[in-house]
file data.tsv (TSV, C-alpha atoms)
chain	number	residue	atom	x	y	z
P	601	GLU	CA	0.00	0.00	0.00
P	602	THR	CA	1.34	3.39	-1.04
P	603	GLY	CA	-0.27	5.72	1.48
P	604	VAL	CA	-2.04	7.65	-1.27
P	605	THR	CA	-5.75	7.84	-0.56
P	606	GLN	CA	-8.64	8.91	-2.77
P	607	SER	CA	-12.30	9.63	-2.14
P	608	PRO	CA	-14.91	8.71	-2.93
P	609	THR	CA	-14.37	5.16	-4.15
P	610	HIS	CA	-17.31	5.20	-6.53
P	611	LEU	CA	-19.53	7.97	-7.85
P	612	ILE	CA	-22.53	8.08	-10.16
P	613	LYS	CA	-23.51	11.36	-11.80
P	614	THR	CA	-25.69	12.46	-14.70
P	615	ARG	CA	-24.67	14.43	-17.76
P	616	GLY	CA	-24.19	18.14	-17.14
P	617	GLN	CA	-23.47	17.76	-13.44
P	618	GLN	CA	-20.25	18.70	-11.71
P	619	VAL	CA	-18.00	16.44	-9.64
P	620	THR	CA	-15.12	16.87	-7.19
P	621	LEU	CA	-12.65	14.08	-6.52
P	622	ARG	CA	-10.12	14.17	-3.69
P	623	CYS	CA	-6.61	12.86	-3.18
P	624	SER	CA	-4.28	12.82	-0.18
P	625	SER	CA	-0.66	12.40	-1.10
P	626	GLN	CA	1.84	10.11	0.57
P	627	SER	CA	3.69	11.59	3.54
P	628	GLY	CA	6.71	13.58	2.39
P	629	HIS	CA	5.42	14.02	-1.17
P	630	ASN	CA	4.70	17.51	-2.50
P	631	THR	CA	3.47	16.73	-6.02
P	632	VAL	CA	0.17	15.26	-7.18
P	633	SER	CA	-0.60	14.12	-10.72
P	634	TRP	CA	-4.06	13.16	-11.97
P	635	TYR	CA	-4.80	10.56	-14.61
P	636	GLN	CA	-7.95	9.34	-16.37
P	637	GLN	CA	-8.14	5.64	-17.22
P	638	ALA	CA	-10.94	4.61	-19.57
P	639	LEU	CA	-11.86	0.94	-19.79
P	640	GLY	CA	-9.23	-1.06	-21.66
P	641	GLN	CA	-6.84	1.88	-21.88
P	642	GLY	CA	-3.75	3.00	-20.03
P	643	PRO	CA	-3.96	6.02	-17.72
P	644	GLN	CA	-3.91	9.40	-19.50
P	645	PHE	CA	-2.24	12.41	-17.90
P	646	ILE	CA	-4.68	15.19	-16.97
P	647	PHE	CA	-2.46	17.60	-15.01
P	648	GLN	CA	0.04	17.91	-12.20
P	649	TYR	CA	0.16	20.16	-9.14
P	650	TYR	CA	3.34	21.22	-7.39
P	651	ARG	CA	3.44	23.72	-4.54
P	652	GLU	CA	-0.21	24.61	-5.12
P	653	GLU	CA	0.32	25.56	-8.78
P	654	GLU	CA	-0.56	23.68	-11.95
P	655	ASN	CA	2.73	22.31	-13.25
P	656	GLY	CA	1.91	20.74	-16.60
P	657	ARG	CA	-1.30	19.72	-18.32
P	658	GLY	CA	-2.31	17.00	-20.74
P	659	ASN	CA	-4.81	17.18	-23.58
P	660	PHE	CA	-7.94	17.78	-21.49
P	661	PRO	CA	-10.45	20.65	-21.85
P	662	PRO	CA	-10.68	23.51	-19.32
P	663	ARG	CA	-13.74	21.95	-17.67
P	664	PHE	CA	-11.18	19.70	-15.97
P	665	SER	CA	-9.62	21.81	-13.24
P	666	GLY	CA	-7.80	21.21	-10.01
P	667	LEU	CA	-6.44	22.55	-6.78
P	668	GLN	CA	-3.65	21.69	-4.42
P	669	PHE	CA	-3.75	22.67	-0.77
P	670	PRO	CA	-0.92	23.66	1.61
P	671	ASN	CA	-0.88	20.09	3.01
P	672	TYR	CA	-0.31	18.87	-0.61
P	673	SER	CA	-3.67	17.15	-0.89
P	674	SER	CA	-5.47	17.83	-4.14
P	675	GLU	CA	-8.87	18.03	-5.81
P	676	LEU	CA	-9.93	17.31	-9.35
P	677	ASN	CA	-13.06	19.11	-10.51
P	678	VAL	CA	-14.95	18.25	-13.65
P	679	ASN	CA	-17.76	20.53	-14.86
P	680	ALA	CA	-20.52	19.82	-17.38
P	681	LEU	CA	-19.99	16.06	-17.21
P	682	GLU	CA	-20.20	14.08	-20.44
P	683	LEU	CA	-20.80	10.35	-20.91
P	684	ASP	CA	-17.18	9.93	-22.06
P	685	ASP	CA	-15.97	11.18	-18.69
P	686	SER	CA	-16.91	7.78	-17.25
P	687	ALA	CA	-13.58	6.32	-16.18
P	688	LEU	CA	-11.29	5.45	-13.29
P	689	TYR	CA	-9.59	8.60	-12.01
P	690	LEU	CA	-6.21	7.99	-10.47
P	691	CYS	CA	-4.02	10.33	-8.55
P	692	ALA	CA	-0.32	9.75	-8.04
P	693	SER	CA	1.97	11.45	-5.58
P	694	SER	CA	5.68	12.01	-5.87
P	695	SER	CA	8.41	14.13	-4.43
P	696	LEU	CA	9.32	16.36	-7.33
P	697	ALA	CA	12.26	18.67	-7.13
P	698	GLY	CA	12.75	19.16	-10.85
P	699	GLY	CA	14.08	15.66	-11.15
P	700	LEU	CA	13.06	12.07	-11.58
P	701	ASP	CA	10.83	10.43	-9.11
P	702	THR	CA	8.55	7.45	-8.98
P	703	GLN	CA	4.86	8.26	-8.93
P	704	TYR	CA	2.84	6.21	-6.45
P	705	PHE	CA	-0.81	5.71	-7.24
P	706	GLY	CA	-3.91	5.78	-5.09
P	707	PRO	CA	-6.76	3.27	-5.45
P	708	GLY	CA	-8.74	5.52	-7.76
P	709	THR	CA	-12.27	6.84	-7.98
P	710	ARG	CA	-14.62	5.07	-10.38
P	711	LEU	CA	-16.86	7.73	-11.98
P	712	THR	CA	-19.94	6.69	-13.92
P	713	VAL	CA	-21.81	9.34	-15.91
P	714	LEU	CA	-25.35	8.41	-16.96
A	244	GLU	CA	2.68	13.73	-29.35
A	245	ASP	CA	4.29	11.28	-26.94
A	246	LYS	CA	3.43	7.64	-27.58
A	247	VAL	CA	4.01	4.33	-25.79
A	248	VAL	CA	3.09	1.03	-27.46
A	249	GLN	CA	2.96	-2.29	-25.65
A	250	SER	CA	2.82	-5.78	-27.07
A	251	PRO	CA	1.22	-8.18	-26.92
A	252	LEU	CA	-2.04	-6.66	-25.72
A	253	SER	CA	-2.96	-9.94	-24.05
A	254	LEU	CA	-1.23	-13.17	-23.24
A	255	VAL	CA	-2.38	-16.47	-21.72
A	256	VAL	CA	0.23	-18.83	-20.26
A	257	HIS	CA	0.45	-21.77	-17.87
A	258	GLU	CA	1.99	-21.63	-14.46
A	259	GLY	CA	5.74	-22.06	-14.66
A	260	ASP	CA	6.09	-20.47	-18.10
A	261	THR	CA	8.41	-17.53	-18.75
A	262	VAL	CA	6.94	-14.45	-20.41
A	263	THR	CA	8.42	-11.38	-22.08
A	264	LEU	CA	6.39	-8.20	-22.37
A	265	ASN	CA	7.45	-5.50	-24.81
A	266	CYS	CA	7.28	-1.73	-24.68
A	267	SER	CA	8.37	0.83	-27.26
A	268	TYR	CA	8.27	4.57	-26.69
A	269	GLU	CA	8.46	7.89	-28.49
A	270	VAL	CA	8.69	10.44	-25.73
A	271	THR	CA	10.08	13.95	-26.07
A	272	ASN	CA	12.64	14.92	-23.45
A	273	PHE	CA	12.71	11.31	-22.28
A	274	ARG	CA	13.83	10.85	-18.66
A	275	SER	CA	12.80	7.34	-17.59
A	276	LEU	CA	10.82	4.19	-18.36
A	277	LEU	CA	8.55	2.77	-15.68
A	278	TRP	CA	6.69	-0.51	-15.31
A	279	TYR	CA	3.59	-0.90	-13.17
A	280	LYS	CA	1.35	-3.87	-12.31
A	281	GLN	CA	-2.39	-3.20	-12.15
A	282	GLU	CA	-4.57	-5.89	-10.59
A	283	LYS	CA	-7.77	-4.14	-9.59
A	284	LYS	CA	-7.40	-0.41	-9.39
A	285	ALA	CA	-4.15	1.20	-8.27
A	286	PRO	CA	-1.13	0.54	-10.49
A	287	THR	CA	1.68	-0.66	-8.24
A	288	PHE	CA	5.24	0.32	-9.05
A	289	LEU	CA	7.64	-2.36	-10.31
A	290	PHE	CA	10.69	-0.70	-11.90
A	291	MET	CA	12.11	2.60	-13.04
A	292	LEU	CA	14.82	2.46	-15.71
A	293	THR	CA	16.94	5.38	-16.74
A	294	SER	CA	20.16	3.89	-18.08
A	295	SER	CA	20.43	1.75	-21.14
A	296	GLY	CA	21.55	-1.85	-20.81
A	297	ILE	CA	21.30	-2.12	-17.03
A	298	GLU	CA	18.96	-4.86	-15.88
A	299	LYS	CA	16.81	-4.31	-12.83
A	300	LYS	CA	15.61	-7.38	-10.97
A	301	SER	CA	13.13	-8.11	-8.24
A	302	GLY	CA	12.59	-11.79	-7.55
A	303	ARG	CA	11.21	-13.42	-10.67
A	304	LEU	CA	10.73	-10.10	-12.46
A	305	SER	CA	13.39	-8.26	-14.41
A	306	SER	CA	13.48	-5.42	-16.87
A	307	ILE	CA	15.96	-3.79	-19.19
A	308	LEU	CA	15.97	-0.58	-21.21
A	309	ASP	CA	17.40	-0.10	-24.71
A	310	LYS	CA	17.69	3.64	-25.35
A	311	LYS	CA	19.04	3.09	-28.86
A	312	GLU	CA	15.98	1.07	-29.86
A	313	LEU	CA	13.64	3.17	-27.67
A	314	SER	CA	12.29	0.04	-26.05
A	315	SER	CA	12.11	-1.99	-22.90
A	316	ILE	CA	11.18	-5.53	-21.95
A	317	LEU	CA	9.73	-6.97	-18.77
A	318	ASN	CA	10.50	-10.63	-18.09
A	319	ILE	CA	8.66	-12.82	-15.65
A	320	THR	CA	10.09	-16.28	-14.99
A	321	ALA	CA	8.30	-19.24	-13.38
A	322	THR	CA	4.95	-17.48	-13.62
A	323	GLN	CA	2.34	-17.96	-10.91
A	324	THR	CA	-1.41	-17.37	-10.96
A	325	GLY	CA	-0.80	-14.32	-8.77
A	326	ASP	CA	1.10	-12.72	-11.66
A	327	SER	CA	-2.20	-12.40	-13.56
A	328	ALA	CA	-2.70	-8.66	-14.04
A	329	ILE	CA	-2.37	-5.81	-16.49
A	330	TYR	CA	1.24	-4.69	-16.89
A	331	LEU	CA	1.61	-1.03	-17.77
A	332	CYS	CA	4.66	0.62	-19.29
A	333	ALA	CA	5.10	4.39	-19.04
A	334	GLY	CA	7.59	6.86	-20.47
A	335	GLY	CA	8.59	9.71	-18.17
A	336	SER	CA	9.22	13.03	-19.87
A	337	GLY	CA	9.79	16.69	-19.14
A	338	GLY	CA	11.85	18.76	-16.81
A	339	SER	CA	10.17	20.34	-13.84
A	340	ASN	CA	6.78	19.14	-15.07
A	341	TYR	CA	7.78	15.50	-15.29
A	342	LYS	CA	4.82	13.41	-16.50
A	343	LEU	CA	4.11	9.82	-17.49
A	344	THR	CA	2.74	8.65	-20.83
A	345	PHE	CA	1.28	5.16	-20.52
A	346	GLY	CA	0.76	2.38	-23.02
A	347	LYS	CA	-2.52	0.45	-23.13
A	348	GLY	CA	-1.04	-2.35	-21.09
A	349	THR	CA	-0.58	-6.09	-21.53
A	350	LEU	CA	-3.21	-8.31	-19.92
A	351	LEU	CA	-1.40	-11.38	-18.61
A	352	THR	CA	-3.44	-14.41	-17.57
A	353	VAL	CA	-1.61	-17.26	-15.86
A	354	ASN	CA	-3.61	-20.48	-15.73
A	355	PRO	CA	-2.89	-23.22	-13.16
call {"tool": "encode", "arguments": {"input": "data.tsv", "output": "C-alpha cells"}}
result
Amino acid sequence: ETGVTQSPTHLIKTRGQQVTLRCSSQSGHNTVSWYQQALGQGPQFIFQYYREEENGRGNFPPRFSGLQFPNYSSELNVNALELDDSALYLCASSSLAGGLDTQYFGPGTRLTVL
Amino acid sequence: EDKVVQSPLSLVVHEGDTVTLNCSYEVTNFRSLLWYKQEKKAPTFLFMLTSSGIEKKSGRLSSILDKKELSSILNITATQTGDSAIYLCAGGSGGSNYKLTFGKGTLLTVNP
C-alpha cells in the first residue's frame, strides 16, 4: 500500500453535473498528478500540481480543473460532465524537485456518468 | 505527441512459463521508463529504468531498457497465478513538469 488515498471510491452522476474528486498524497510528497483511465486503456495524464500551482497539463479541456492545498492534498473538478468522462480517475503522488521520481498511485475513484 | 506502445495486448500462459512483455516509446525529453502492475485499481510500481543496458531485478521479475531502440522488456520467470494482471509501461518526460505517458497495457493471464 502506497499511502495515497482517494475519495470517494465510486460515484454516479448524470450528464451536465459537476464532480469533485479528492486525493491525499503520501507523507513527504509535494506533487500530485491526476490521470484518467478509460476501460481497456492505459492512464492518460490530466495535469500535475506542485506547490499549489498547476505544473503541466495533458490534452484535457478547461472543464477539468484542479487545486492543491498547503498540506499537498489535491482536488480534481470536472464541470458539465459528459458520458465519455466515465472512467477510473487515479491520482499519483511524488516528491518532485525538478528531477526524476517514482509516482505512487492511489486506489482511484470510479466515476460513472449516466 | 508522446506515444508508448505495448505488445502483446494480451497473453495467456500456464503456471511455470516464462513471459516477455514489450514496450516501445516515443517520448520527447525522455527521462525514464517505468513498469507498473495493475490488478484491480491502483497501479503498483515495479521498476524505473533510466540507463540503457542495465537490468533491474526483483525476484522473478526483471526489466531492461534499450535507449538506442527506444524500447524496454519486462521478463517474468516461473509465472504464478498471482502474476495475472495488467502490466503497464510508461515513459517519463519533461523537466520540472515530469509526467508519465502510458501504453494500453498487456493483460497477462496465468492459468494453473
call {"tool": "residues_around", "arguments": {"input": "data.tsv", "residues": "range 302-318 of chain A", "least_positions_apart": "6", "cutoff": "12 Å", "atoms": "all atoms listed in the file", "output": "ChimeraX atom specification"}}
result
/A:246-251,259-271,273-280,289-296,326,330-334,348-349,351
call {"tool": "write_last_selection", "arguments": {"input": "data.tsv", "atoms": "C-alpha atoms", "output": "PDB file, in the frame of the given file"}}
result
ATOM      1  CA  LYS A 246       3.430   7.640 -27.580  1.00  0.00           C
ATOM      2  CA  VAL A 247       4.010   4.330 -25.790  1.00  0.00           C
ATOM      3  CA  VAL A 248       3.090   1.030 -27.460  1.00  0.00           C
ATOM      4  CA  GLN A 249       2.960  -2.290 -25.650  1.00  0.00           C
ATOM      5  CA  SER A 250       2.820  -5.780 -27.070  1.00  0.00           C
ATOM      6  CA  PRO A 251       1.220  -8.180 -26.920  1.00  0.00           C
ATOM      7  CA  GLY A 259       5.740 -22.060 -14.660  1.00  0.00           C
ATOM      8  CA  ASP A 260       6.090 -20.470 -18.100  1.00  0.00           C
ATOM      9  CA  THR A 261       8.410 -17.530 -18.750  1.00  0.00           C
ATOM     10  CA  VAL A 262       6.940 -14.450 -20.410  1.00  0.00           C
ATOM     11  CA  THR A 263       8.420 -11.380 -22.080  1.00  0.00           C
ATOM     12  CA  LEU A 264       6.390  -8.200 -22.370  1.00  0.00           C
ATOM     13  CA  ASN A 265       7.450  -5.500 -24.810  1.00  0.00           C
ATOM     14  CA  CYS A 266       7.280  -1.730 -24.680  1.00  0.00           C
ATOM     15  CA  SER A 267       8.370   0.830 -27.260  1.00  0.00           C
ATOM     16  CA  TYR A 268       8.270   4.570 -26.690  1.00  0.00           C
ATOM     17  CA  GLU A 269       8.460   7.890 -28.490  1.00  0.00           C
ATOM     18  CA  VAL A 270       8.690  10.440 -25.730  1.00  0.00           C
ATOM     19  CA  THR A 271      10.080  13.950 -26.070  1.00  0.00           C
ATOM     20  CA  PHE A 273      12.710  11.310 -22.280  1.00  0.00           C
ATOM     21  CA  ARG A 274      13.830  10.850 -18.660  1.00  0.00           C
ATOM     22  CA  SER A 275      12.800   7.340 -17.590  1.00  0.00           C
ATOM     23  CA  LEU A 276      10.820   4.190 -18.360  1.00  0.00           C
ATOM     24  CA  LEU A 277       8.550   2.770 -15.680  1.00  0.00           C
ATOM     25  CA  TRP A 278       6.690  -0.510 -15.310  1.00  0.00           C
ATOM     26  CA  TYR A 279       3.590  -0.900 -13.170  1.00  0.00           C
ATOM     27  CA  LYS A 280       1.350  -3.870 -12.310  1.00  0.00           C
ATOM     28  CA  LEU A 289       7.640  -2.360 -10.310  1.00  0.00           C
ATOM     29  CA  PHE A 290      10.690  -0.700 -11.900  1.00  0.00           C
ATOM     30  CA  MET A 291      12.110   2.600 -13.040  1.00  0.00           C
ATOM     31  CA  LEU A 292      14.820   2.460 -15.710  1.00  0.00           C
ATOM     32  CA  THR A 293      16.940   5.380 -16.740  1.00  0.00           C
ATOM     33  CA  SER A 294      20.160   3.890 -18.080  1.00  0.00           C
ATOM     34  CA  SER A 295      20.430   1.750 -21.140  1.00  0.00           C
ATOM     35  CA  GLY A 296      21.550  -1.850 -20.810  1.00  0.00           C
ATOM     36  CA  ASP A 326       1.100 -12.720 -11.660  1.00  0.00           C
ATOM     37  CA  TYR A 330       1.240  -4.690 -16.890  1.00  0.00           C
ATOM     38  CA  LEU A 331       1.610  -1.030 -17.770  1.00  0.00           C
ATOM     39  CA  CYS A 332       4.660   0.620 -19.290  1.00  0.00           C
ATOM     40  CA  ALA A 333       5.100   4.390 -19.040  1.00  0.00           C
ATOM     41  CA  GLY A 334       7.590   6.860 -20.470  1.00  0.00           C
ATOM     42  CA  GLY A 348      -1.040  -2.350 -21.090  1.00  0.00           C
ATOM     43  CA  THR A 349      -0.580  -6.090 -21.530  1.00  0.00           C
ATOM     44  CA  LEU A 351      -1.400 -11.380 -18.610  1.00  0.00           C
TER      45      LEU A 351
END
call {"tool": "atom_distance", "arguments": {"input": "data.tsv", "atom1": "CA of Gln644 in chain P", "atom2": "CA of Ala692 in chain P"}}
result
12.0 Å
call {"tool": "residues_around", "arguments": {"input": "data.tsv", "residues": "Glu258 in chain A", "least_positions_apart": "5", "cutoff": "9 Å", "atoms": "all atoms listed in the file", "output": "list in words"}}
result
Ala321, Thr322, Gln323, Thr324, Val353, Asn354 and Pro355 of chain A
call {"tool": "closest_atom_pairs", "arguments": {"input": "data.tsv", "of": "chain P", "to": "chain A", "cutoff": "7 Å", "atoms": "only C-alpha atoms", "output": "tab-separated table"}}
result
residue	atom	partner	partner_atom	distance
P:Gln641	CA	A:Lys347	CA	4.7
P:Gly642	CA	A:Lys347	CA	4.2
P:Pro643	CA	A:Phe345	CA	6.0
P:Gln644	CA	A:Phe345	CA	6.8
P:Phe645	CA	A:Leu343	CA	6.9
P:Asn655	CA	A:Asn340	CA	5.5
P:Gly656	CA	A:Asn340	CA	5.3
P:Gly698	CA	A:Ser339	CA	4.1
P:Gly699	CA	A:Ser339	CA	6.7
P:Tyr704	CA	A:Phe288	CA	6.9
P:Phe705	CA	A:Ala285	CA	5.7
P:Gly706	CA	A:Ala285	CA	5.6
P:Pro707	CA	A:Ala285	CA	4.4
P:Gly708	CA	A:Lys284	CA	6.3
call {"tool": "write_last_selection", "arguments": {"input": "data.tsv", "atoms": "C-alpha atoms", "output": "compact mmCIF listing (two decimals), keeping the file's coordinate frame"}}
result
# COMPACT_ATOMS: atom_id res chain seq x y z
CA GLN P 641 -6.84 1.88 -21.88
CA GLY P 642 -3.75 3.00 -20.03
CA PRO P 643 -3.96 6.02 -17.72
CA GLN P 644 -3.91 9.40 -19.50
CA PHE P 645 -2.24 12.41 -17.90
CA ASN P 655 2.73 22.31 -13.25
CA GLY P 656 1.91 20.74 -16.60
CA GLY P 698 12.75 19.16 -10.85
CA GLY P 699 14.08 15.66 -11.15
CA TYR P 704 2.84 6.21 -6.45
CA PHE P 705 -0.81 5.71 -7.24
CA GLY P 706 -3.91 5.78 -5.09
CA PRO P 707 -6.76 3.27 -5.45
CA GLY P 708 -8.74 5.52 -7.76
call {"tool": "atom_distance", "arguments": {"input": "data.tsv", "atom1": "CA of Arg657 in chain P", "atom2": "CA of Thr614 in chain P"}}
result
25.7 Å
call {"tool": "residues_around", "arguments": {"input": "data.tsv", "residues": "Leu676 in chain P", "least_positions_apart": "4", "cutoff": "8 Å", "atoms": "only C-alpha atoms", "output": "PyMOL selection string"}}
result
chain P and resi 620-622+634+664-667
call {"tool": "atom_distance", "arguments": {"input": "data.tsv", "atom1": "CA of Ile297 in chain A", "atom2": "CA of Gln703 in chain P"}}
result
21.1 Å
call {"tool": "residues_near_point", "arguments": {"input": "data.tsv", "point": "(-16.7, 6.8, -11.7)", "cutoff": "7 Å", "atoms": "all atoms listed in the file", "output": "mmCIF file with C-alpha atoms, keeping the file's coordinate frame"}}
result
data_model
loop_
_atom_site.group_PDB
_atom_site.id
_atom_site.type_symbol
_atom_site.label_atom_id
_atom_site.label_comp_id
_atom_site.auth_asym_id
_atom_site.auth_seq_id
_atom_site.Cartn_x
_atom_site.Cartn_y
_atom_site.Cartn_z
ATOM 1 C CA HIS P 610 -17.310 5.200 -6.530
ATOM 2 C CA LEU P 611 -19.530 7.970 -7.850
ATOM 3 C CA ILE P 612 -22.530 8.080 -10.160
ATOM 4 C CA SER P 686 -16.910 7.780 -17.250
ATOM 5 C CA ALA P 687 -13.580 6.320 -16.180
ATOM 6 C CA LEU P 688 -11.290 5.450 -13.290
ATOM 7 C CA THR P 709 -12.270 6.840 -7.980
ATOM 8 C CA ARG P 710 -14.620 5.070 -10.380
ATOM 9 C CA LEU P 711 -16.860 7.730 -11.980
ATOM 10 C CA THR P 712 -19.940 6.690 -13.920
#
call {"tool": "axis_aligned_box", "arguments": {"input": "data.tsv", "around": "range 308-321 of chain A", "padding_each_side": "5 Å", "output": "lines of an AutoDock Vina configuration file"}}
result
center_x = 13.7
center_y = -7.8
center_z = -21.6
size_x = 20.7
size_y = 32.9
size_z = 26.5
call {"tool": "residues_near_point", "arguments": {"input": "data.tsv", "point": "(-0.5, 8.1, -3.6)", "cutoff": "10 Å", "atoms": "all atoms listed in the file", "output": "ChimeraX atom specification"}}
result
/P:601-606,623-627,629,631-633,673,690-694,703-708 /A:285
call {"tool": "closest_residue", "arguments": {"input": "data.tsv", "among": "A:Ser253, A:Ser301, A:Asp245, A:Thr352", "to": "Ser327 in chain A", "atoms": "only C-alpha atoms"}}
result
A:Thr352
call {"tool": "decode", "arguments": {"input": "data.tsv", "residues": "range 612-630 of chain P", "atoms": "N, CA and C atoms", "output": "tab-separated table (two decimals), in the first residue's frame"}}
result
chain	number	residue	atom	x	y	z
P	612	ILE	N	-21.66	8.09	-8.99
P	612	ILE	CA	-22.53	8.08	-10.16
P	612	ILE	C	-23.13	9.46	-10.32
P	613	LYS	N	-22.98	10.02	-11.51
P	613	LYS	CA	-23.51	11.36	-11.80
P	613	LYS	C	-24.27	11.30	-13.12
P	614	THR	N	-25.00	12.36	-13.41
P	614	THR	CA	-25.69	12.46	-14.70
P	614	THR	C	-25.04	13.55	-15.54
P	615	ARG	N	-25.24	13.46	-16.82
P	615	ARG	CA	-24.67	14.43	-17.76
P	615	ARG	C	-25.00	15.85	-17.34
P	616	GLY	N	-24.00	16.73	-17.47
P	616	GLY	CA	-24.19	18.14	-17.14
P	616	GLY	C	-23.86	18.49	-15.70
P	617	GLN	N	-23.81	17.48	-14.83
P	617	GLN	CA	-23.47	17.76	-13.44
P	617	GLN	C	-21.99	18.04	-13.27
P	618	GLN	N	-21.63	18.41	-12.05
P	618	GLN	CA	-20.25	18.70	-11.71
P	618	GLN	C	-19.80	17.72	-10.64
P	619	VAL	N	-18.50	17.40	-10.62
P	619	VAL	CA	-18.00	16.44	-9.64
P	619	VAL	C	-16.65	16.91	-9.09
P	620	THR	N	-16.41	16.58	-7.83
P	620	THR	CA	-15.12	16.87	-7.19
P	620	THR	C	-14.56	15.58	-6.62
P	621	LEU	N	-13.34	15.26	-7.02
P	621	LEU	CA	-12.65	14.08	-6.52
P	621	LEU	C	-11.47	14.54	-5.67
P	622	ARG	N	-11.14	13.75	-4.63
P	622	ARG	CA	-10.12	14.17	-3.69
P	622	ARG	C	-8.99	13.16	-3.58
P	623	CYS	N	-7.81	13.69	-3.27
P	623	CYS	CA	-6.61	12.86	-3.18
P	623	CYS	C	-5.73	13.37	-2.06
P	624	SER	N	-5.27	12.47	-1.20
P	624	SER	CA	-4.28	12.82	-0.18
P	624	SER	C	-2.98	12.14	-0.55
P	625	SER	N	-1.93	12.94	-0.64
P	625	SER	CA	-0.66	12.40	-1.10
P	625	SER	C	0.05	11.65	0.03
P	626	GLN	N	1.03	10.87	-0.38
P	626	GLN	CA	1.84	10.11	0.57
P	626	GLN	C	2.67	11.09	1.39
P	627	SER	N	2.91	10.74	2.65
P	627	SER	CA	3.69	11.59	3.54
P	627	SER	C	5.05	11.90	2.92
P	628	GLY	N	5.41	13.18	2.93
P	628	GLY	CA	6.71	13.58	2.39
P	628	GLY	C	6.68	13.93	0.91
P	629	HIS	N	5.54	13.70	0.25
P	629	HIS	CA	5.42	14.02	-1.17
P	629	HIS	C	4.73	15.36	-1.37
P	630	ASN	N	5.25	16.17	-2.30
P	630	ASN	CA	4.70	17.51	-2.50
P	630	ASN	C	4.06	17.70	-3.88
